[in-house]
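Working notes for the structure below.
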Amino acid sequence: MLETLIHQLAGIPKECVVMIVAALPISELRGAIPLALSFGMPLYKAFWLSVLGNSIFVAPALFLFEPISRQLRKIKIWSKFFDWLFERTKKKSDSIQKYEALGLVIFVAIPLPMTGAWSGVIAASLFKIRFRYAFCAIITGVIVAGLIVSALCALGMVTWKAVIH
């Protein structure tokens, strides 16, 4: 699926493609940094474009997630989806419940599936973490995750081919 999207974005500048991939809930910067490196970008540029792309939606999402999900839950299929999503987030977020903003940093910083900025926004909403703490925690977590993924890429442990397969 990600490969198809990259193919469809072939006509736009590679920097924009990296930022779009970083903003997607599934790939986030875990996919964007290796993609940027596969495009031949230097590591520092791959890191900053990915962090920016992964962070750009955080403030609007923190403001809009709760009211939009509340309205959508009035529709049966969306209600089931949000029940599933909230349950899944709760299962993976023990540290957030215990340590709040610090736990949110750790949760977002772990570069594993379902623990990035998008999940951090959901968890912040679910556990009612105030905007200023949630925003700072999620951005900090994104930067730490970017440093971890960048280090793994620099060591040759993560490549774009490994991400898409």
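All residue names refer to the structure tokens as shown: chains lettered A, B, ... in order, residues numbered from 1 in each chain, ligands numbered from 1 in order.
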
Please identify every residue of segment 32-93 of chain A that has at least one atom no farther than 10 Å from an atom of segment 102-116 of chain A, counting only C-alpha atoms, and for each give the shortest atom pair and the distance in Å to one decimal, arranged by chain then increasing number, as a tab-separated table.
```
residue	atom	partner	partner_atom	distance
A:Asn54	CA	A:Gly116	CA	8.9
A:Arg88	CA	A:Met114	CA	9.1
A:Thr89	CA	A:Met114	CA	8.2
A:Lys92	CA	A:Thr115	CA	8.0
A:Ser93	CA	A:Phe107	CA	6.9
```

Take the residues that were just selected and, keeping C-alpha atoms, output them as a PDB file, in the first residue's frame.
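Below is the file part15.pdb, written as the result:
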```
ATOM      1  CA  ASN A  54       5.136  13.822  11.664  1.00  0.00           C
ATOM      2  CA  ARG A  88      -6.280  -0.947  21.682  1.00  0.00           C
ATOM      3  CA  THR A  89      -4.735   2.342  22.818  1.00  0.00           C
ATOM      4  CA  LYS A  92      -0.592  -0.222  24.946  1.00  0.00           C
ATOM      5  CA  SER A  93      -0.520   2.798  27.215  1.00  0.00           C
TER       6      SER A  93
END
```

Neighbours of segment 13-26 of chain A within 12 Å (only C-alpha atoms; same-chain residues fewer than 6 positions away dropped), as an MDAnalysis selection string?
chainID A and resid 1:7 32:42 45:58 61 111:122 142 145:146 160 163:164

With C-alpha atoms retained, write the just-selected residues as a PDB file, in the first residue's frame.
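Ended up saving to result05.pdb:
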```
ATOM      1  CA  MET A   1       0.000   0.000   0.000  1.00  0.00           C
ATOM      2  CA  LEU A   2       2.763   2.446   0.936  1.00  0.00           C
ATOM      3  CA  GLU A   3       4.669   1.574  -2.227  1.00  0.00           C
ATOM      4  CA  THR A   4       1.570   2.373  -4.309  1.00  0.00           C
ATOM      5  CA  LEU A   5       1.218   5.750  -2.607  1.00  0.00           C
ATOM      6  CA  ILE A   6       4.893   6.569  -3.229  1.00  0.00           C
ATOM      7  CA  HIS A   7       4.439   5.639  -6.889  1.00  0.00           C
ATOM      8  CA  ALA A  32       9.770   8.469   6.189  1.00  0.00           C
ATOM      9  CA  ILE A  33      13.398   8.513   7.332  1.00  0.00           C
ATOM     10  CA  PRO A  34      14.384   5.303   5.480  1.00  0.00           C
ATOM     11  CA  LEU A  35      12.425   6.545   2.443  1.00  0.00           C
ATOM     12  CA  ALA A  36      14.294   9.867   2.436  1.00  0.00           C
ATOM     13  CA  LEU A  37      17.609   8.039   2.698  1.00  0.00           C
ATOM     14  CA  SER A  38      16.602   5.800  -0.221  1.00  0.00           C
ATOM     15  CA  PHE A  39      16.028   9.019  -2.205  1.00  0.00           C
ATOM     16  CA  GLY A  40      19.657   9.938  -1.481  1.00  0.00           C
ATOM     17  CA  MET A  41      18.945  12.687   1.049  1.00  0.00           C
ATOM     18  CA  PRO A  42      21.500  13.311   3.783  1.00  0.00           C
ATOM     19  CA  LYS A  45      17.615  16.419   6.058  1.00  0.00           C
ATOM     20  CA  ALA A  46      15.753  13.095   6.271  1.00  0.00           C
ATOM     21  CA  PHE A  47      15.456  13.557  10.044  1.00  0.00           C
ATOM     22  CA  TRP A  48      14.129  17.138  10.011  1.00  0.00           C
ATOM     23  CA  LEU A  49      11.702  16.638   7.109  1.00  0.00           C
ATOM     24  CA  SER A  50      10.341  13.526   8.822  1.00  0.00           C
ATOM     25  CA  VAL A  51      10.020  15.216  12.215  1.00  0.00           C
ATOM     26  CA  LEU A  52       8.255  18.179  10.619  1.00  0.00           C
ATOM     27  CA  GLY A  53       5.900  15.957   8.613  1.00  0.00           C
ATOM     28  CA  ASN A  54       5.136  13.822  11.664  1.00  0.00           C
ATOM     29  CA  SER A  55       4.560  16.866  13.893  1.00  0.00           C
ATOM     30  CA  ILE A  56       2.574  19.190  11.667  1.00  0.00           C
ATOM     31  CA  PHE A  57      -0.814  17.631  12.417  1.00  0.00           C
ATOM     32  CA  VAL A  58      -0.352  17.269  16.203  1.00  0.00           C
ATOM     33  CA  ALA A  61      -5.438  16.771  15.968  1.00  0.00           C
ATOM     34  CA  PRO A 111       9.507   3.452  17.202  1.00  0.00           C
ATOM     35  CA  LEU A 112       7.162   0.477  16.965  1.00  0.00           C
ATOM     36  CA  PRO A 113       3.856   0.123  15.120  1.00  0.00           C
ATOM     37  CA  MET A 114       0.927   1.856  16.854  1.00  0.00           C
ATOM     38  CA  THR A 115       3.080   3.934  19.233  1.00  0.00           C
ATOM     39  CA  GLY A 116       3.741   7.142  17.304  1.00  0.00           C
ATOM     40  CA  ALA A 117       2.317  10.650  17.246  1.00  0.00           C
ATOM     41  CA  TRP A 118      -1.136   9.597  16.017  1.00  0.00           C
ATOM     42  CA  SER A 119      -1.510   7.094  18.848  1.00  0.00           C
ATOM     43  CA  GLY A 120      -0.144   9.736  21.210  1.00  0.00           C
ATOM     44  CA  VAL A 121      -2.923  12.132  20.200  1.00  0.00           C
ATOM     45  CA  ILE A 122      -5.514   9.410  20.834  1.00  0.00           C
ATOM     46  CA  VAL A 142       8.596  12.402  17.826  1.00  0.00           C
ATOM     47  CA  ALA A 145      11.785   8.476  17.829  1.00  0.00           C
ATOM     48  CA  GLY A 146      13.434  10.304  14.912  1.00  0.00           C
ATOM     49  CA  TRP A 160      13.373   1.406   3.076  1.00  0.00           C
ATOM     50  CA  VAL A 163      10.020  -1.063   5.916  1.00  0.00           C
ATOM     51  CA  ILE A 164       7.840  -1.932   2.929  1.00  0.00           C
TER      52      ILE A 164
END
```

What's the separation between atom CA of Arg73 of chain A and atom CA of Lys91 of chain A, in Å to one decimal place?
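Between atom CA of Arg73 of chain A and atom CA of Lys91 of chain A the gap is 20.3 Å.
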
With distances taken over only C-alpha atoms, which of A:Ala151, A:Leu126, A:Tyr99, A:Phe63 is nearest to Glu87 of chain A?
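Under the stated criterion, the closest residue is A:Leu126.
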
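Residue-level DSSP output for segment 84-114 of chain A, from the backbone, shows alpha helix (DSSP H) at Trp84, Leu85, Phe86, Glu87, Arg88, Thr89, Lys90, Lys91, Asp94, Ser95, Ile96, Gln97, Lys98, Tyr99, Ala101, Leu102, Gly103, Leu104, Val105, Ile106, Phe107, Val108 and Ala109 of chain A.
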
Distance in Å - atom CA of Cys136 of chain A versus atom CA of Ala123 of chain A
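These atoms are spaced 14.0 Å apart.
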
Using only C-alpha atoms, the best pick from A:Tyr44, A:Asp94, A:Ile75, A:Leu62 as closest to Ile129 of chain A would be A:Leu62

Glu100 of chain A surroundings by only C-alpha atoms, 9 Å radius, close-in-sequence under 6 positions cut, as a count of residues only:
5

Can you work out the spacing between atom CA of Ile148 of chain A and atom CA of Lys98 of chain A in Å, to one decimal?
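Taking atom CA of Ile148 of chain A as the start and atom CA of Lys98 of chain A as the end point, the length is 23.7 Å.
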
Which one is closest to Pro67 of chain A: A:Ser150, A:Gln8, A:Ser95, A:Ser125? Count only C-alpha atoms.
A:Ser125
